[in-house]
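Student: Encoded as structure tokens, here's the structure I'll be asking about.
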Amino acid sequence: MSDLTNLTLSDAREKLRNKDITAVELAEAHIDAMQQTAGLNAFIFNTEEKAIEMAKASDAKLAKGEGGILEGIPVGVKDLFCTKDVRTTASSKILGDFTPTYESTVTANMWADGAVLLGKLNCDEFAMGSSNETSFYGPVVNPWQRQGDDTQLVPGGSSGGSAAAVAARACVAATATDTGGSIRQPAAFTGTVGMKPTYGRCSRWGTVAFASSLDQAGPITRTVRDAAIMLESMASYDVKDSTSVNVAVPAYEKALTGDIKGLKIGIPKEFKVDGMPEEIQALWQQGIEWLKAAGAEIHDVSLPHTKYALPAYYIVAPAEASSNLARYDGVRYGLRVAGDNIDEQYANSRAEGFGDEVQRRILIGTYVLSAGYYDAYYKKAQRVRTLIKQDFDQAYAKVDLMLTPTTPTAAFGIGENIGDPLTMYLNDIFTVSVNMAGLPGISIPAGISANGLPLGLQLIGKPFDEETLFRAADVMEQAADFTALPQLMAK
Amino acid sequence: MSLIQGATGEWEIVLGLEIHAQVSSKSKLMSGASTEFGAEPNSQVSLVDAAMPGMLPVVNEFCYEQAVLTGLGLNAQINLVSIFDRKNYFYPDLPQGYQISQFTDPIVGPGVVKIELADGSFHDVGIERMHLEQDAGKSIHDLYPSQSCVDLNRSGVALMEIVSDPDMRTAEHAKLYVSKIRTILRYLGTCDGNMEQGSLRADVNVSVRRPGAELGTRCEIKNMNSIRNIGMAIEYEARRQVDIIEDGGNISQETRLWDVAKGETRSMRSKEEAHDYRYFPDPDLLPVVLEQSFVDAIKARIPELPDAKYERLMSQYGLNSYDANILIADPENADYFEIVAKGVDAKLAVNWVTGDLFGMLNKRGFTIETSPIKAEALGELVGLIADKTISNKIAKQVFEFMLETGDAPAKIVEEKGLKQVTDTGAIEKAVDEVIAANPDKVEQVKQKPKMAGWFVGQVMQATGGKANPQAVSDLIKAKLGLED
């Protein structure tokens, strides 16, 4: 770990602008770091040459005192975002060597703002997973380890590569996507900041779809300020995405005033689930104290339908996925495994191209949409979703934000839960409601578990009020003063 | 009511149609790709049409306007909230693995269309609904022995599916209905109605029952693209069903195809093989919410529709129902006629339009739009007949010259000296000469006054057809002392 790779985005930005460092130096330091941390398997495709090229272009702009808000910042991109002329696979075998001829809106925004692409980041296959173990390219290893235990741990998922790379200082910041917790849960598992904006804030155009009504892009960074800068670049209204919302993108960084006096924070009682580990409860209480100390008001709120969120999510998301993934049929691009007829070709290609978890969700999704089951499952789940939204609407009449833990546990070992999908699905218990209601949520590193692993707290905001969310997260981040480093970095 | 006679009694046919009409639009329903017919395979395919990863559909607002306009033209309810659903199935010419359609909440609700039967009576056909959907691509199976080719040019093209109530009872009803829908769409400019190019196709649901009994089990004949074949397929299918039932069998619900060469329908897939389409609202698209003012603005743009035009042509021009029907079949016909009829006798105008003009267009393979004789020119010609500058017979010659030269009729008449001779002096001279040269005929005509026609003919010949036949006839009768 060099001084350069330890820079936050905002620090690196200052040094670049002041010409203390060059973008090429910064890119080279991160390319070294990528190589040193290759064992984490965070990157599945490196674009070193492209990175140097982009960094040179940034240096030219910076020399003239020009450049965007991410000028010269080396970033990693989750392999769900289509990148022009750079292989994009969604960590699935079925996409093979698919190389898009187009750039996703989110990444296009970042390149326009001067960011430098280091490579494509590993993730769960089609973002389906909570441990990054479903990737065709193998699991990502969390740079954190339990104290006195060298068991390899998962970084969470599905944006496990993004979280691990940012935690391991292999990139300054990373793009990620969150359908049920895929930004916030890995951020919590790796001691990083993960921000899922309001549904419709970032364009979904050019991002491989998992569940269209839930998917939302966001950043993983090491500080709240960095997340604010990243989101400002990533977010935009996009006519090519009918679900993107035409609301101006504020300068999020300006929201970080440090002042949350009088802000009303809700504590949803339904999140106090049975069997919640004591240290998670204690952390949550600690978060309450920090916010109180900063002048916020704490209120108990109720989100009565919370317990139905996870089961409803595991109907809605697979349903949409089963349809979204129908296009991977071996006909036009990606893997094709021939058969005697078209039906066999479909079956062969999809059986070989999709991993177990993806197949499981396609099957669930196909089932819940089929004739005779639609009303009992999909339609009912949509009604639950409406109720969850209403719960939040009612709570937000009283409070500005809500505070909850991000995950029920710290990171677990690779292979520990992969055979038990239901346990794995429980990872999303505190995060899915936010997606079901389309709200913004952020996870910040708030403490260390008894066995030395990072734990996260989640703040949930009102629709399109990312500014308040960032402001409170920034205050809490300062109070938490999370300085611990992953064992890998400390070595 | 027209029933089929079976071995065991009479049977009634019950028909419902689903018409797929391609929306007249430069670009597709959910992408900016062109919809032009006949382009190189796969040359009009956007990233969205090819269902590349991460691509998203965006509703083409113009297609929506066209659908609203069509709904209004079908006297139908416009639903201010409509929802796009995904209809899921696998097929190589369906890149997304689903067709974006409207299932529970279509853009257009119930409406009604009037058809006029051969006996002059009218029959209402209810419209159940109309929705917008994407067309699929085209699979081509006969280029290679073991592989199929796919052309995605049509993939994503906007279609309107117009679903009728089961209100038709004869093949004739169905043919008139398709023809009427086609006419309405052409009037509205929302579909070109070109059945050969596949812009308009119909699925026909056929069942039979004892008159007045419960509905029988239906079979659907898919993808009919000619009105004539629709009629033949219905006749065949109804007879097939009657024969099965009368032989003690049951009709199984299935999808059938019309084999043009064999003149029969055959099974394509049974109900058991039918897809479970797993419809659900497309999460990539928001419900479409229209303002009433948007609908009203479109309503204001509706042109005069066939039924109204039919009434007006009869009342304004005194046309009979037959002529009015011919003219309204295509809005261009009626427009053409109305230009020709300006200031001249409407009966004369309609005869020229539906007679000489249509005959020529047919013979030479033109349409009314491509007619080498423009309506203004034909109007001028008919005007020359009306003001007696030329006779109807001479006009036919002028018409031929117009075709050859493209010259204006007045110019042709002038240059060729075809002007009708009304100078009685000149005509009288010719009459006198004919009488003087044919004393025997003069004797005969006194016995047989009908022979006056022979003298008229002689005089017309002598004057090169330019004499006014009425004037000639009058003079001859006067000179020969014949009763009028």
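Labels used: A, B, ... for chains in the order of the structure tokens, numbers from 1 for residues in each chain, and numbers from 1 for ligands as shown.
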Tell me, as a PyMOL selection string, which residues lie within 12 Å of Ala174 in chain A, counting only C-alpha atoms; anything in the same chain fewer than 2 positions away does not count.
Tutor: chain A and resi 9+42-43+70+73-79+81+106-107+110+115-122+159-172+176-177+183+187+192-195+217-222+226-227+229-231+234
Student: Would you list the contacts of range 41-49 of chain B as a list in words, taking every protein, DNA or RNA residue within 8 Å and counting only C-alpha atoms, but skipping same-chain residues closer than 6 positions in sequence?
Tutor: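 Returned residues: Met30, Ser31, Gly32, Ala33, Ser34, Thr35, Met55, Leu56, Pro57, Pro95, Gln96, Asp151, Leu152, Asn153, Ser155 and Gly156 of chain B.
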Student: Take the residues that were just selected and, keeping N, CA and C atoms, output them as a compact mmCIF listing (two decimals), in the first residue's frame.
Tutor:
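As a result, again.txt now contains:
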```txt
# COMPACT_ATOMS: atom_id res chain seq x y z
N MET B 30 -40.53 0.93 -29.74
CA MET B 30 -39.70 1.14 -28.54
C MET B 30 -38.27 1.52 -28.90
N SER B 31 -38.01 1.80 -30.17
CA SER B 31 -36.64 2.19 -30.54
C SER B 31 -36.70 3.14 -31.72
N GLY B 32 -35.56 3.73 -32.04
CA GLY B 32 -35.51 4.71 -33.12
C GLY B 32 -35.25 4.12 -34.49
N ALA B 33 -35.17 2.77 -34.58
CA ALA B 33 -34.84 2.15 -35.86
C ALA B 33 -35.96 2.37 -36.88
N SER B 34 -35.56 2.40 -38.16
CA SER B 34 -36.50 2.66 -39.25
C SER B 34 -37.43 1.47 -39.47
N THR B 35 -38.59 1.76 -40.01
CA THR B 35 -39.58 0.71 -40.27
C THR B 35 -39.81 0.50 -41.76
N MET B 55 -30.02 -2.88 -22.62
CA MET B 55 -30.81 -1.96 -23.44
C MET B 55 -32.23 -1.85 -22.87
N LEU B 56 -32.79 -0.67 -23.04
CA LEU B 56 -34.11 -0.40 -22.47
C LEU B 56 -35.05 0.16 -23.52
N PRO B 57 -36.32 -0.23 -23.47
CA PRO B 57 -37.30 0.31 -24.41
C PRO B 57 -37.77 1.70 -23.98
N PRO B 95 -35.86 -11.41 -29.97
CA PRO B 95 -34.58 -11.30 -29.26
C PRO B 95 -34.71 -11.10 -27.74
N GLN B 96 -35.69 -10.34 -27.31
CA GLN B 96 -35.79 -10.09 -25.87
C GLN B 96 -36.22 -11.32 -25.09
N ASP B 151 -34.21 -12.34 -39.61
CA ASP B 151 -34.13 -10.94 -40.04
C ASP B 151 -34.88 -10.12 -38.99
N LEU B 152 -34.16 -9.24 -38.33
CA LEU B 152 -34.76 -8.48 -37.24
C LEU B 152 -35.30 -7.11 -37.67
N ASN B 153 -35.37 -6.86 -38.98
CA ASN B 153 -35.88 -5.55 -39.41
C ASN B 153 -37.27 -5.26 -38.85
N SER B 155 -38.46 -6.62 -36.14
CA SER B 155 -38.44 -6.76 -34.68
C SER B 155 -38.67 -5.40 -34.02
N GLY B 156 -39.75 -5.30 -33.29
CA GLY B 156 -40.02 -4.06 -32.56
C GLY B 156 -40.90 -3.07 -33.30
```
Student: Which residues are close to Lys114 in chain B, i.e. within 9 Å by only C-alpha atoms, leaving aside same-chain residues fewer than 5 positions away? Reply as a list in words.
Tutor: Phe122, His123, Asp124, Val125, Gly126, Tyr177, Lys180 and Asp307 of chain B
Student: When DSSP is applied to the backbone of this structure, which of range 115-353 of chain A are assigned alpha helix (DSSP H)? Write them out as an MDAnalysis selection string.
Tutor: chainID A and resid 160:167 184:190 224:234 278:293 306:324 342:353
Student: Compile the contact shell of Pro409 in chain B as number ranges by chain: residues with an atom at most 12 Å away, counting only C-alpha atoms, same-chain residues fewer than 4 positions apart removed.
Tutor: B: 373-374, 376-385, 389-390, 394-405, 413-419
Student: Could you save those same residues with N, CA and C atoms as a short mmCIF file (atom, residue, chain, number, x, y, z; two decimals), in the first residue's frame?
Tutor:
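Saved result, out38.cif, follows:
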```cif
data_model
loop_
_atom_site.label_atom_id
_atom_site.label_comp_id
_atom_site.auth_asym_id
_atom_site.auth_seq_id
_atom_site.Cartn_x
_atom_site.Cartn_y
_atom_site.Cartn_z
N ILE B 373 -53.39 10.76 -65.01
CA ILE B 373 -54.32 11.88 -65.23
C ILE B 373 -54.78 12.39 -63.88
N LYS B 374 -54.42 13.62 -63.61
CA LYS B 374 -54.75 14.19 -62.31
C LYS B 374 -56.23 14.60 -62.28
N GLU B 376 -57.68 17.29 -61.47
CA GLU B 376 -57.98 18.61 -62.05
C GLU B 376 -58.17 18.49 -63.56
N ALA B 377 -57.30 17.67 -64.21
CA ALA B 377 -57.36 17.51 -65.65
C ALA B 377 -58.64 16.78 -66.06
N LEU B 378 -58.97 15.74 -65.30
CA LEU B 378 -60.20 15.02 -65.64
C LEU B 378 -61.41 15.92 -65.41
N GLY B 379 -61.31 16.74 -64.37
CA GLY B 379 -62.39 17.69 -64.09
C GLY B 379 -62.58 18.64 -65.27
N GLU B 380 -61.48 19.08 -65.84
CA GLU B 380 -61.54 19.99 -66.99
C GLU B 380 -62.20 19.28 -68.19
N LEU B 381 -61.83 18.01 -68.37
CA LEU B 381 -62.39 17.23 -69.47
C LEU B 381 -63.91 17.09 -69.30
N VAL B 382 -64.29 16.72 -68.07
CA VAL B 382 -65.72 16.55 -67.82
C VAL B 382 -66.44 17.90 -68.00
N GLY B 383 -65.75 18.97 -67.65
CA GLY B 383 -66.30 20.32 -67.84
C GLY B 383 -66.58 20.60 -69.31
N LEU B 384 -65.67 20.14 -70.17
CA LEU B 384 -65.83 20.36 -71.62
C LEU B 384 -67.05 19.60 -72.16
N ILE B 385 -67.32 18.44 -71.53
CA ILE B 385 -68.53 17.71 -71.93
C ILE B 385 -69.76 18.47 -71.45
N THR B 389 -68.75 21.62 -75.22
CA THR B 389 -67.64 21.89 -76.12
C THR B 389 -67.29 20.63 -76.90
N ILE B 390 -67.38 19.50 -76.24
CA ILE B 390 -67.16 18.22 -76.93
C ILE B 390 -68.24 17.25 -76.49
N ILE B 394 -66.26 12.11 -78.11
CA ILE B 394 -65.00 12.81 -78.39
C ILE B 394 -64.14 12.86 -77.13
N ALA B 395 -64.82 13.01 -75.98
CA ALA B 395 -64.10 13.10 -74.71
C ALA B 395 -63.26 11.85 -74.48
N LYS B 396 -63.78 10.71 -74.92
CA LYS B 396 -63.01 9.47 -74.74
C LYS B 396 -61.72 9.50 -75.56
N GLN B 397 -61.82 10.12 -76.76
CA GLN B 397 -60.59 10.29 -77.56
C GLN B 397 -59.62 11.23 -76.86
N VAL B 398 -60.20 12.32 -76.35
CA VAL B 398 -59.35 13.31 -75.67
C VAL B 398 -58.64 12.65 -74.47
N PHE B 399 -59.39 11.80 -73.76
CA PHE B 399 -58.85 11.08 -72.60
C PHE B 399 -57.60 10.28 -73.01
N GLU B 400 -57.71 9.62 -74.17
CA GLU B 400 -56.57 8.84 -74.66
C GLU B 400 -55.39 9.75 -74.98
N PHE B 401 -55.69 10.89 -75.62
CA PHE B 401 -54.61 11.84 -75.93
C PHE B 401 -53.96 12.36 -74.65
N MET B 402 -54.81 12.59 -73.65
CA MET B 402 -54.28 13.08 -72.38
C MET B 402 -53.29 12.08 -71.80
N LEU B 403 -53.64 10.80 -71.92
CA LEU B 403 -52.76 9.74 -71.41
C LEU B 403 -51.44 9.74 -72.15
N GLU B 404 -51.54 9.92 -73.48
CA GLU B 404 -50.34 9.87 -74.31
C GLU B 404 -49.43 11.05 -74.08
N THR B 405 -50.04 12.24 -74.07
CA THR B 405 -49.23 13.46 -74.10
C THR B 405 -49.14 14.16 -72.76
N VAL B 413 -58.17 19.51 -77.45
CA VAL B 413 -59.38 19.78 -78.23
C VAL B 413 -59.09 20.87 -79.28
N GLU B 414 -58.36 21.88 -78.82
CA GLU B 414 -58.02 22.99 -79.70
C GLU B 414 -57.12 22.52 -80.85
N GLU B 415 -56.02 21.88 -80.47
CA GLU B 415 -55.02 21.49 -81.46
C GLU B 415 -55.54 20.46 -82.45
N LYS B 416 -56.32 19.53 -81.95
CA LYS B 416 -56.81 18.48 -82.82
C LYS B 416 -58.10 18.90 -83.51
N GLY B 417 -58.59 20.08 -83.18
CA GLY B 417 -59.80 20.56 -83.80
C GLY B 417 -61.00 19.67 -83.49
N LEU B 418 -61.09 19.28 -82.24
CA LEU B 418 -62.15 18.35 -81.87
C LEU B 418 -63.39 19.06 -81.36
N LYS B 419 -63.38 20.35 -81.42
CA LYS B 419 -64.50 21.12 -80.88
C LYS B 419 -65.79 20.73 -81.58
#
```
Student: Return as a list in words the residues belonging to chain A that are within 7 Å of chain B, counting only C-alpha atoms.
Tutor: Trp205, Gly206, Thr207, Val208, Ala209, Ser212, Ser213, Lys240, Asp241, Ser242, Thr243, Ser323, Ala326, Arg327, Val331, Leu369, Ser370 and Ala371 of chain A
Student: Take the residues from that selection and write them out as a short mmCIF file (atom, residue, chain, number, x, y, z; two decimals), in the first residue's frame, keeping N, CA and C atoms.
Tutor:
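Below is the file that was written, result.cif:
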```cif
data_model
loop_
_atom_site.label_atom_id
_atom_site.label_comp_id
_atom_site.auth_asym_id
_atom_site.auth_seq_id
_atom_site.Cartn_x
_atom_site.Cartn_y
_atom_site.Cartn_z
N TRP A 205 -29.65 2.52 -18.21
CA TRP A 205 -29.32 2.22 -19.62
C TRP A 205 -27.88 1.71 -19.72
N GLY A 206 -27.73 0.56 -20.31
CA GLY A 206 -26.39 0.01 -20.51
C GLY A 206 -25.87 -0.78 -19.33
N THR A 207 -26.70 -0.94 -18.32
CA THR A 207 -26.31 -1.79 -17.19
C THR A 207 -27.09 -3.09 -17.32
N VAL A 208 -26.38 -4.21 -17.27
CA VAL A 208 -27.05 -5.50 -17.42
C VAL A 208 -28.15 -5.61 -16.35
N ALA A 209 -29.34 -5.94 -16.78
CA ALA A 209 -30.48 -5.92 -15.86
C ALA A 209 -30.57 -7.21 -15.06
N SER A 212 -35.45 -5.17 -12.99
CA SER A 212 -35.54 -3.79 -13.48
C SER A 212 -36.17 -2.80 -12.51
N SER A 213 -37.16 -3.24 -11.74
CA SER A 213 -37.87 -2.29 -10.89
C SER A 213 -37.12 -2.05 -9.59
N LYS A 240 -33.20 7.73 -22.27
CA LYS A 240 -33.14 6.34 -22.75
C LYS A 240 -33.61 5.34 -21.68
N ASP A 241 -33.81 5.83 -20.47
CA ASP A 241 -34.35 4.99 -19.40
C ASP A 241 -35.65 5.61 -18.93
N SER A 242 -36.77 4.98 -19.29
CA SER A 242 -38.09 5.56 -18.97
C SER A 242 -38.33 5.64 -17.47
N THR A 243 -37.57 4.88 -16.67
CA THR A 243 -37.78 4.93 -15.22
C THR A 243 -36.81 5.89 -14.55
N SER A 323 -37.49 -13.03 -16.78
CA SER A 323 -37.81 -12.42 -18.07
C SER A 323 -36.60 -11.65 -18.63
N ALA A 326 -34.05 -13.81 -20.36
CA ALA A 326 -34.48 -14.62 -21.51
C ALA A 326 -33.66 -14.29 -22.76
N ARG A 327 -33.13 -13.07 -22.80
CA ARG A 327 -32.38 -12.66 -24.01
C ARG A 327 -31.06 -13.42 -24.15
N VAL A 331 -28.43 -17.08 -29.26
CA VAL A 331 -28.73 -16.83 -30.67
C VAL A 331 -27.87 -15.70 -31.25
N LEU A 369 -44.64 -16.49 -12.03
CA LEU A 369 -45.37 -15.76 -13.08
C LEU A 369 -46.30 -16.68 -13.86
N SER A 370 -46.24 -17.97 -13.61
CA SER A 370 -46.99 -18.86 -14.50
C SER A 370 -48.48 -18.84 -14.19
N ALA A 371 -49.22 -19.27 -15.19
CA ALA A 371 -50.69 -19.23 -15.10
C ALA A 371 -51.13 -20.03 -13.87
#
```
Student: For CA of Ile100 in chain B and CA of Ser433 in chain A, determine how far apart the two atoms are, in Å to one decimal place.
Tutor: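 Atom-to-atom, CA of Ile100 in chain B and CA of Ser433 in chain A are spaced 28.3 Å apart.
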Student: Calculate how many Å separate CA of Asn132 in chain A from CA of Val432 in chain A, rounding to one decimal.
Tutor: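 If I compute the distance from CA of Asn132 in chain A to CA of Val432 in chain A, I get 17.4 Å.
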Student: From the set B:Tyr187, B:Lys448, B:Leu257, B:Pro372, which residue has the shortest atom-to-atom contact distance to Ala334 in chain B, counting only C-alpha atoms?
Tutor: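 Of the candidates, the smallest distance to Ala334 in chain B is held by B:Tyr187.
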Student: Could you pull out all residues of range 203-386 of chain A with a DSSP call of strand (DSSP E) and give them as a VMD selection string?
Tutor: chain A and resid 216 to 221 264 to 268 297 to 301
Student: Set the distance at 9 Å and use only C-alpha atoms: which residues neighbour Gly461 in chain A once local chain neighbours fewer than 4 positions away are removed? I'd like the list as a list in words.
Tutor: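 Non-adjacent residues within range: Thr198, Tyr396, Asp400, Leu401, Met402, Leu439, Pro440, Gly441, Ile442, Asp465, Glu466, Glu467, Thr468 and Leu469 of chain A.
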Student: Print the selection's residues with C-alpha atoms to a file, as an mmCIF file, in the first residue's frame.
Tutor:
```cif
data_model
loop_
_atom_site.group_PDB
_atom_site.id
_atom_site.type_symbol
_atom_site.label_atom_id
_atom_site.label_comp_id
_atom_site.auth_asym_id
_atom_site.auth_seq_id
_atom_site.Cartn_x
_atom_site.Cartn_y
_atom_site.Cartn_z
ATOM 1 C CA THR A 198 -33.230 6.632 -5.044
ATOM 2 C CA TYR A 396 -41.495 9.951 6.663
ATOM 3 C CA ASP A 400 -36.321 12.788 7.912
ATOM 4 C CA LEU A 401 -34.176 9.668 7.955
ATOM 5 C CA MET A 402 -34.054 6.221 9.480
ATOM 6 C CA LEU A 439 -35.535 4.769 -1.415
ATOM 7 C CA PRO A 440 -31.948 5.919 -1.057
ATOM 8 C CA GLY A 441 -29.814 4.161 1.552
ATOM 9 C CA ILE A 442 -26.215 4.348 2.628
ATOM 10 C CA ASP A 465 -33.252 13.473 -0.678
ATOM 11 C CA GLU A 466 -29.757 12.035 -0.978
ATOM 12 C CA GLU A 467 -28.421 15.334 0.357
ATOM 13 C CA THR A 468 -29.853 14.863 3.846
ATOM 14 C CA LEU A 469 -28.684 11.275 3.743
#
```
